[in-house]
file structure21.cif (mmCIF, C-alpha atoms (C1' of nucleotides))
data_structure
#
loop_
_atom_site.label_atom_id
_atom_site.label_comp_id
_atom_site.auth_asym_id
_atom_site.auth_seq_id
_atom_site.Cartn_x
_atom_site.Cartn_y
_atom_site.Cartn_z
CA MET A 197 83.08 116.67 46.84
CA LYS A 198 83.78 113.00 47.24
CA LYS A 199 84.32 110.81 44.25
CA LYS A 200 81.72 108.08 43.97
CA SER A 201 81.98 104.73 42.27
CA LYS A 202 80.09 103.76 39.17
CA GLN A 203 78.30 101.18 41.26
CA HIS A 204 77.08 103.88 43.57
CA TYR A 205 75.57 105.76 40.66
CA ALA A 206 74.03 102.53 39.41
CA ALA A 207 72.42 102.02 42.80
CA ARG A 208 71.11 105.56 42.81
CA ALA A 209 69.76 105.08 39.31
CA ARG A 210 67.88 101.96 40.33
CA VAL A 211 66.04 103.93 42.99
CA ALA A 212 65.35 106.81 40.63
CA LYS A 213 64.05 104.39 38.04
CA ALA A 214 61.64 102.89 40.52
CA LEU A 215 60.26 106.38 41.07
CA ALA A 216 59.99 107.14 37.36
CA HIS A 217 56.44 106.12 36.58
CA PRO A 218 53.22 108.12 36.93
CA SER A 219 51.23 105.32 38.58
CA ARG A 220 53.97 104.64 41.09
CA LEU A 221 54.23 108.34 41.95
CA LEU A 222 50.48 108.48 42.40
CA MET A 223 50.53 105.50 44.73
CA LEU A 224 53.40 106.92 46.76
CA ASP A 225 51.49 110.14 47.20
CA ALA A 226 48.50 108.17 48.44
CA LEU A 227 50.63 106.09 50.77
CA ALA A 228 51.97 109.27 52.33
CA GLU A 229 48.54 109.65 53.93
CA GLY A 230 48.59 106.15 55.37
CA ASP A 231 48.79 102.48 54.58
CA LYS A 232 46.67 101.18 51.76
CA CYS A 233 45.74 97.73 50.51
CA VAL A 234 46.29 96.68 46.93
CA CYS A 235 42.58 96.92 46.20
CA GLU A 236 42.46 100.57 47.24
CA LEU A 237 45.51 101.40 45.17
CA THR A 238 44.09 99.50 42.22
CA GLU A 239 40.96 101.60 42.27
CA LEU A 240 43.00 104.76 42.66
CA VAL A 241 45.28 104.03 39.73
CA GLY A 242 42.62 102.59 37.46
CA SER A 243 44.75 99.88 35.89
CA GLU A 244 44.48 96.11 36.17
CA GLN A 245 45.13 94.69 39.60
CA SER A 246 48.02 92.66 38.24
CA THR A 247 49.60 95.79 36.85
CA VAL A 248 49.32 97.57 40.17
CA SER A 249 50.75 94.58 41.96
CA LYS A 250 53.79 94.65 39.73
CA HIS A 251 54.27 98.35 40.29
CA LEU A 252 54.21 97.75 44.02
CA ALA A 253 56.76 94.99 43.62
CA VAL A 254 59.07 97.46 41.90
CA LEU A 255 58.77 99.91 44.78
CA LYS A 256 59.27 97.16 47.30
CA GLN A 257 62.34 95.79 45.62
CA VAL A 258 64.27 99.02 46.03
CA GLY A 259 63.07 99.46 49.59
CA ILE A 260 60.70 102.39 49.20
CA VAL A 261 57.68 100.52 50.55
CA GLU A 262 57.06 97.42 52.60
CA ASP A 263 54.07 95.11 52.72
CA ARG A 264 52.10 93.55 55.53
CA LYS A 265 49.56 90.76 55.20
CA GLU A 266 46.31 91.01 57.07
CA GLY A 267 44.05 88.13 56.30
CA VAL A 268 43.44 88.04 52.63
CA MET A 269 44.63 91.57 52.08
CA THR A 270 48.09 93.04 51.67
CA PHE A 271 48.76 96.50 52.99
CA TYR A 272 51.58 98.59 51.67
CA ARG A 273 53.37 101.21 53.71
CA LEU A 274 55.87 103.94 52.94
CA LYS A 275 59.22 102.99 54.39
CA VAL A 276 61.03 106.25 53.76
CA GLY A 277 60.05 109.71 54.88
CA CYS A 278 62.23 111.62 52.49
CA LEU A 279 59.92 111.87 49.54
CA GLU A 280 59.06 115.49 50.27
CA GLY A 281 62.58 116.43 49.28
CA PHE A 282 62.19 114.40 46.17
CA TRP A 283 58.90 116.06 45.26
CA SER A 284 60.18 119.55 45.85
CA CYS A 285 63.15 118.94 43.60
CA ILE A 286 60.98 117.58 40.81
CA GLU A 287 58.59 120.46 41.21
CA ALA A 288 61.42 122.96 41.05
CA VAL A 289 62.55 121.46 37.77
CA LEU A 290 59.03 121.60 36.38
CA GLN A 291 58.57 125.20 37.50
CA GLU A 292 61.82 126.27 35.91
CA HIS A 293 61.00 124.47 32.71
CA LEU A 294 57.55 126.01 32.55
CA LYS A 295 58.94 129.47 33.09
CA GLU A 296 61.39 128.96 30.29
CA GLN A 297 58.72 127.81 27.90
CA GLN A 298 56.60 130.86 28.65
CA VAL A 299 59.55 133.09 27.88
CA ALA A 300 60.05 131.24 24.62
CA LEU A 301 56.43 131.83 23.66
CA ARG A 302 56.66 135.54 24.39
CA GLY A 303 59.95 135.87 22.55
CA MET B 165 46.97 117.19 50.83
CA LYS B 166 45.88 118.47 47.45
CA LYS B 167 44.66 116.14 44.79
CA LYS B 168 46.84 116.19 41.71
CA SER B 169 45.94 115.34 38.17
CA LYS B 170 47.24 112.36 36.27
CA GLN B 171 48.99 114.77 33.97
CA HIS B 172 50.84 116.22 36.88
CA TYR B 173 52.12 112.81 37.84
CA ALA B 174 53.10 112.18 34.24
CA ALA B 175 55.11 115.39 34.24
CA ARG B 176 56.81 114.42 37.47
CA ALA B 177 57.57 111.01 36.06
CA ARG B 178 59.21 112.52 32.99
CA VAL B 179 61.63 114.41 35.20
CA ALA B 180 62.31 111.37 37.37
CA LYS B 181 62.93 109.27 34.29
CA ALA B 182 65.47 111.75 33.02
CA LEU B 183 67.32 111.29 36.30
CA ALA B 184 67.13 107.51 36.19
CA HIS B 185 70.39 106.57 34.53
CA PRO B 186 73.83 106.09 36.08
CA SER B 187 75.69 108.09 33.46
CA ARG B 188 73.31 110.99 33.75
CA LEU B 189 73.60 111.00 37.52
CA LEU B 190 77.36 110.96 37.21
CA MET B 191 77.31 113.91 34.86
CA LEU B 192 74.95 115.87 37.07
CA ASP B 193 77.26 115.33 40.00
CA ALA B 194 80.15 116.63 37.93
CA LEU B 195 78.15 119.61 36.73
CA ALA B 196 77.44 120.55 40.34
CA GLU B 197 81.08 121.58 40.54
CA GLY B 198 80.85 123.80 37.50
CA ASP B 199 80.11 123.92 33.80
CA LYS B 200 81.64 121.25 31.62
CA CYS B 201 81.98 120.73 27.90
CA VAL B 202 80.79 117.57 26.19
CA CYS B 203 84.35 116.40 25.72
CA GLU B 204 85.04 116.53 29.45
CA LEU B 205 81.83 114.70 30.25
CA THR B 206 82.58 112.12 27.58
CA GLU B 207 85.92 111.35 29.17
CA LEU B 208 84.32 111.22 32.60
CA VAL B 209 81.57 108.81 31.60
CA GLY B 210 83.68 106.64 29.34
CA SER B 211 81.06 106.02 26.69
CA GLU B 212 80.93 107.12 23.08
CA GLN B 213 80.65 110.83 22.53
CA SER B 214 77.38 110.36 20.69
CA THR B 215 75.96 108.44 23.64
CA VAL B 216 76.93 111.21 26.03
CA SER B 217 75.45 113.80 23.73
CA LYS B 218 72.13 111.99 23.75
CA HIS B 219 72.16 111.70 27.53
CA LEU B 220 72.69 115.43 27.75
CA ALA B 221 69.82 116.01 25.36
CA VAL B 222 67.58 114.04 27.71
CA LEU B 223 68.58 116.21 30.66
CA LYS B 224 68.16 119.35 28.60
CA GLN B 225 64.72 118.41 27.37
CA VAL B 226 63.24 118.29 30.85
CA GLY B 227 65.01 121.47 31.87
CA ILE B 228 67.62 120.14 34.27
CA VAL B 229 70.57 121.52 32.32
CA GLU B 230 71.12 124.14 29.66
CA ASP B 231 73.81 124.45 27.03
CA ARG B 232 75.98 127.31 25.86
CA LYS B 233 78.11 127.33 22.72
CA GLU B 234 81.61 128.72 22.90
CA GLY B 235 83.35 128.43 19.61
CA VAL B 236 83.44 124.80 18.69
CA MET B 237 82.61 123.60 22.14
CA THR B 238 79.30 123.21 23.96
CA PHE B 239 79.23 123.76 27.68
CA TYR B 240 76.50 122.31 29.83
CA ARG B 241 75.35 123.90 33.04
CA LEU B 242 73.08 122.81 35.87
CA LYS B 243 69.90 124.83 35.76
CA VAL B 244 68.40 123.65 39.04
CA GLY B 245 69.93 123.83 42.48
CA CYS B 246 67.65 121.34 44.12
CA LEU B 247 69.52 118.14 43.39
CA GLU B 248 70.89 117.92 46.90
CA GLY B 249 67.41 117.16 48.14
CA PHE B 250 67.08 114.58 45.45
CA TRP B 251 70.36 112.94 46.37
CA SER B 252 69.61 112.85 50.05
CA CYS B 253 66.29 111.16 49.41
CA ILE B 254 67.85 108.54 47.17
CA GLU B 255 70.60 107.97 49.70
CA ALA B 256 68.09 107.55 52.49
CA VAL B 257 66.33 104.87 50.49
CA LEU B 258 69.61 103.09 49.81
CA GLN B 259 70.62 103.25 53.46
CA GLU B 260 67.33 101.86 54.61
CA HIS B 261 67.45 99.09 52.06
CA LEU B 262 71.00 98.19 52.99
CA LYS B 263 70.12 98.04 56.65
CA GLU B 264 67.25 95.74 55.91
CA GLN B 265 69.41 93.40 53.88
CA GLN B 266 71.95 93.16 56.67
CA VAL B 267 69.20 92.23 59.08
CA ALA B 268 68.02 89.59 56.64
CA LEU B 269 71.51 88.12 56.48
CA ARG B 270 71.82 87.96 60.25
CA GLY B 271 68.36 86.47 60.60
"C1'" DA C 518 33.66 71.16 50.33
"C1'" DC C 519 32.54 75.26 47.63
"C1'" DC C 520 32.71 79.86 46.30
"C1'" DC C 521 34.13 84.54 46.51
"C1'" DT C 522 37.58 88.02 47.26
"C1'" DT C 523 42.28 89.56 47.35
"C1'" DT C 524 47.02 89.18 45.52
"C1'" DA C 525 50.90 87.58 42.98
"C1'" DT C 526 53.02 85.63 38.93
"C1'" DG C 527 53.88 83.87 34.07
"C1'" DG C 528 53.29 84.89 29.33
"C1'" DC C 529 52.94 87.87 25.47
"C1'" DG C 530 52.87 91.74 22.34
"C1'" DA C 531 53.73 96.66 21.96
"C1'" DT C 532 56.63 100.26 23.00
"C1'" DA C 533 60.74 102.59 24.96
"C1'" DT C 534 65.45 102.79 26.22
"C1'" DT C 535 70.18 102.30 25.34
"C1'" DA C 536 74.72 101.98 23.13
"C1'" DC C 537 77.23 101.69 19.29
"C1'" DC C 538 78.53 103.04 14.47
"C1'" DA C 539 78.54 106.17 10.75
"C1'" DT C 540 77.79 110.58 9.16
"C1'" DG C 541 77.46 115.53 8.77
"C1'" DG C 542 77.70 120.31 10.27
"C1'" DA C 543 80.32 123.98 12.29
"C1'" DG C 544 84.24 126.48 14.12
"C1'" DC C 545 89.20 127.14 13.96
"C1'" DC C 546 93.76 127.30 12.00
"C1'" DA C 547 97.36 126.86 8.59
"C1'" DT D 271 90.86 125.19 0.61
"C1'" DG D 272 92.03 121.38 3.48
"C1'" DG D 273 92.28 119.28 7.71
"C1'" DC D 274 91.32 118.95 12.45
"C1'" DT D 275 88.41 118.91 16.62
"C1'" DC D 276 83.96 119.14 18.82
"C1'" DC D 277 79.36 118.04 18.78
"C1'" DA D 278 74.61 116.37 17.23
"C1'" DT D 279 71.70 113.23 14.70
"C1'" DG D 280 70.00 109.06 12.15
"C1'" DG D 281 70.17 104.17 11.94
"C1'" DT D 282 70.12 99.71 14.08
"C1'" DA D 283 70.23 95.83 17.17
"C1'" DA D 284 69.90 94.32 21.96
"C1'" DT D 285 67.52 94.89 26.02
"C1'" DA D 286 64.04 96.68 29.27
"C1'" DT D 287 59.58 98.35 30.44
"C1'" DC D 288 54.72 98.16 30.46
"C1'" DG D 289 49.90 96.66 30.34
"C1'" DC D 290 46.79 93.20 29.74
"C1'" DC D 291 45.11 88.40 30.03
"C1'" DA D 292 45.01 84.08 32.25
"C1'" DT D 293 46.02 81.58 36.12
"C1'" DA D 294 47.10 80.10 40.76
"C1'" DA D 295 47.49 80.54 45.80
"C1'" DA D 296 45.37 81.60 50.06
"C1'" DG D 297 42.09 83.52 53.47
"C1'" DG D 298 37.17 83.91 54.92
"C1'" DG D 299 32.43 82.73 54.90
"C1'" DT D 300 28.51 79.48 54.18
#
call {"tool": "encode", "arguments": {"input": "structure21.cif", "output": "C-alpha cells"}}
result
Amino acid sequence: MKKKSKQHYAARARVAKALAHPSRLLMLDALAEGDKCVCELTELVGSEQSTVSKHLAVLKQVGIVEDRKEGVMTFYRLKVGCLEGFWSCIEAVLQEHLKEQQVALRG
Amino acid sequence: MKKKSKQHYAARARVAKALAHPSRLLMLDALAEGDKCVCELTELVGSEQSTVSKHLAVLKQVGIVEDRKEGVMTFYRLKVGCLEGFWSCIEAVLQEHLKEQQVALRG
DNA sequence: ACCCTTTATGGCGATATTACCATGGAGCCA
DNA sequence: TGGCTCCATGGTAATATCGCCATAAAGGGT
C-alpha cells in the first residue's frame, strides 16, 4: 500500500463531492444512455434550468462530463466510463446497510 | 436500463456524500489495512480528536464502517470491500482531467 | 430588426458542513 | 477515591452548498 499525499486525498474528495448530489447522479445515469441537452436534463430533473446548469458545471469542472455546442443547444456527454464501478460500490454499501437495519428490527 | 426512483438517487447521494471528504478518505484507506482505534486515526489525520470522532460517525451512519469497543478504546473496521472500485473510478476521473489540462497548457 | 428558445451567470436567503473548544462519560489502575 | 486516557457530544462561528429569481448572451426563424 502506497502512502498518498493529503493533496491526493483532497483531489479525490473533490471528485466524490461532485458525485454527491441526487440530481447529479440522476443526470449521470441518463447520460450513460447517450448525450443529452440541458433542456432534456432540466425536464428529467424537474428543477429550474439555472439550477441544472449549475449542477452540470460542477460535473464539468471535475472532468466527469464535457459539453458540446450545437446551434443554440448545449449537449453534455459522459467523459468517463468508470461509473459502473462507482455505482456498484455505492449499491453494496446500501445493501449492507439495509441488511443491518433489518436485523436490528428483528432483534 | 432500469428506471430508478428519486429516493434511490437520494440514498446513493448520501453514501457518496459520506465519502466526499479528504480526512474520511484518508481514514478509509488506512482502515483497508486493518482495524484502527480512534487514537490512531486521530494521529493519522492530524485534526482534533472530536473532529475525527465526528467523521467516523458520518461513515458509520451510512454503513461504511462499524465500531467495536475494547476496554476504553473504540476500534473502527471497514464493513464494505468494494472501495477499490470506488477508488479506481475516482482515479480514472482524475487522470482524464489531468490529461485534459495538460493538453490545454500545450494548446 | 424583432422575438423566441436555449443556456449560463450573478445575487440572495436558507440550509448544511466543518473544525475547534469545552465538557462529560466510561474504563483502567494505583 | 482520585487521576489518567480514550472517546463522544453539544455549542459555536466560519464557510460551503443549494435552489430560486432575474438577467444576459447567443442562435434561429420571420
call {"tool": "resolve_selection", "arguments": {"input": "structure21.cif", "expression": "the PyMOL selection byres ((chain D) within 9 of (chain B))", "output": "PyMOL selection string"}}
result
chain D and resi 275-279
call {"tool": "resolve_selection", "arguments": {"input": "structure21.cif", "expression": "the PyMOL selection byres ((chain B) within 6 of (chain A))", "output": "MDAnalysis selection string"}}
result
chainID B and resid 173:174 177 180:181 184:186 227 246 249:250 253 261
call {"tool": "atom_distance", "arguments": {"input": "structure21.cif", "atom1": "CA of Val299 (chain A)", "atom2": "CA of Arg232 (chain B)"}}
result
17.5 Å
call {"tool": "closest_atom_pairs", "arguments": {"input": "structure21.cif", "of": "chain C", "to": "chain A", "cutoff": "10 Å", "atoms": "all atoms listed in the file", "output": "JSON lines"}}
result
{"residue": "C:DT522", "atom": "C1'", "partner": "A:Val268", "partner_atom": "CA", "distance": 7.9}
{"residue": "C:DT523", "atom": "C1'", "partner": "A:Val268", "partner_atom": "CA", "distance": 5.6}
{"residue": "C:DT524", "atom": "C1'", "partner": "A:Thr270", "partner_atom": "CA", "distance": 7.3}
{"residue": "C:DA525", "atom": "C1'", "partner": "A:Ser249", "partner_atom": "CA", "distance": 7.1}
{"residue": "C:DT526", "atom": "C1'", "partner": "A:Ser246", "partner_atom": "CA", "distance": 8.7}
call {"tool": "resolve_selection", "arguments": {"input": "structure21.cif", "expression": "the PyMOL selection byres ((chain C and resi 530) around 12)", "output": "number ranges by chain"}}
result
C: 528-529, 531-532; D: 288-291
call {"tool": "atom_distance", "arguments": {"input": "structure21.cif", "atom1": "CA of Asp231 (chain B)", "atom2": "CA of Lys200 (chain B)"}}
result
9.6 Å
call {"tool": "residues_around", "arguments": {"input": "structure21.cif", "residues": "DA547 (chain C)", "least_positions_apart": "2", "cutoff": "10 Å", "atoms": "only C-alpha atoms (C1' of nucleotides)", "output": "PyMOL selection string"}}
result
(chain C and resi 545) or (chain D and resi 272-273)
call {"tool": "atom_distance", "arguments": {"input": "structure21.cif", "atom1": "CA of Gly242 (chain A)", "atom2": "CA of Met223 (chain A)"}}
result
11.1 Å
call {"tool": "residues_near_point", "arguments": {"input": "structure21.cif", "point": "(72.1, 103.1, 20.5)", "cutoff": "8 Å", "atoms": "all atoms listed in the file", "output": "list in words"}}
result
Thr215 of chain B; DT535, DA536 and DC537 of chain C; DT282 of chain D
call {"tool": "residues_around", "arguments": {"input": "structure21.cif", "residues": "DC520 (chain C)", "least_positions_apart": "5", "cutoff": "12 Å", "atoms": "only C-alpha atoms (C1' of nucleotides)", "output": "ChimeraX atom specification"}}
result
/D:298-300
call {"tool": "closest_residue", "arguments": {"input": "structure21.cif", "among": "B:Lys263, B:Glu234, B:Gly198, B:Tyr240", "to": "Val216 (chain B)", "atoms": "all atoms listed in the file"}}
result
B:Tyr240
call {"tool": "build_atoms", "arguments": {"input": "structure21.cif", "residues": "region 199-217 of chain A", "atoms": "N, CA and C atoms", "output": "tab-separated table (two decimals), keeping the file's coordinate frame"}}
result
chain	number	residue	atom	x	y	z
A	199	LYS	N	84.48	111.57	45.49
A	199	LYS	CA	84.32	110.81	44.25
A	199	LYS	C	83.52	109.54	44.57
A	200	LYS	N	82.55	109.24	43.71
A	200	LYS	CA	81.72	108.08	43.97
A	200	LYS	C	81.93	107.05	42.87
A	201	SER	N	81.74	105.81	43.23
A	201	SER	CA	81.98	104.73	42.27
A	201	SER	C	80.84	104.64	41.29
A	202	LYS	N	81.13	104.00	40.18
A	202	LYS	CA	80.09	103.76	39.17
A	202	LYS	C	78.96	102.94	39.78
A	203	GLN	N	79.32	102.01	40.65
A	203	GLN	CA	78.30	101.18	41.26
A	203	GLN	C	77.36	102.01	42.12
A	204	HIS	N	77.92	103.03	42.75
A	204	HIS	CA	77.08	103.88	43.57
A	204	HIS	C	76.06	104.62	42.70
A	205	TYR	N	76.51	105.09	41.56
A	205	TYR	CA	75.57	105.76	40.66
A	205	TYR	C	74.56	104.79	40.10
A	206	ALA	N	74.98	103.55	39.89
A	206	ALA	CA	74.03	102.53	39.41
A	206	ALA	C	72.96	102.27	40.47
A	207	ALA	N	73.38	102.24	41.72
A	207	ALA	CA	72.42	102.02	42.80
A	207	ALA	C	71.44	103.19	42.90
A	208	ARG	N	71.99	104.38	42.80
A	208	ARG	CA	71.11	105.56	42.81
A	208	ARG	C	70.12	105.49	41.65
A	209	ALA	N	70.62	105.10	40.50
A	209	ALA	CA	69.76	105.08	39.31
A	209	ALA	C	68.64	104.06	39.47
A	210	ARG	N	68.93	102.96	40.13
A	210	ARG	CA	67.88	101.96	40.33
A	210	ARG	C	66.73	102.54	41.16
A	211	VAL	N	67.08	103.31	42.17
A	211	VAL	CA	66.04	103.93	42.99
A	211	VAL	C	65.27	104.96	42.17
A	212	ALA	N	66.00	105.78	41.43
A	212	ALA	CA	65.35	106.81	40.63
A	212	ALA	C	64.42	106.17	39.60
A	213	LYS	N	64.86	105.05	39.05
A	213	LYS	CA	64.05	104.39	38.04
A	213	LYS	C	62.75	103.87	38.64
A	214	ALA	N	62.85	103.38	39.86
A	214	ALA	CA	61.64	102.89	40.52
A	214	ALA	C	60.64	104.03	40.73
A	215	LEU	N	61.14	105.24	40.85
A	215	LEU	CA	60.26	106.38	41.07
A	215	LEU	C	59.73	106.95	39.75
A	216	ALA	N	60.23	106.48	38.64
A	216	ALA	CA	59.99	107.14	37.36
A	216	ALA	C	58.80	106.56	36.62
A	217	HIS	N	57.65	106.56	37.27
A	217	HIS	CA	56.44	106.12	36.58
A	217	HIS	C	55.23	106.81	37.21
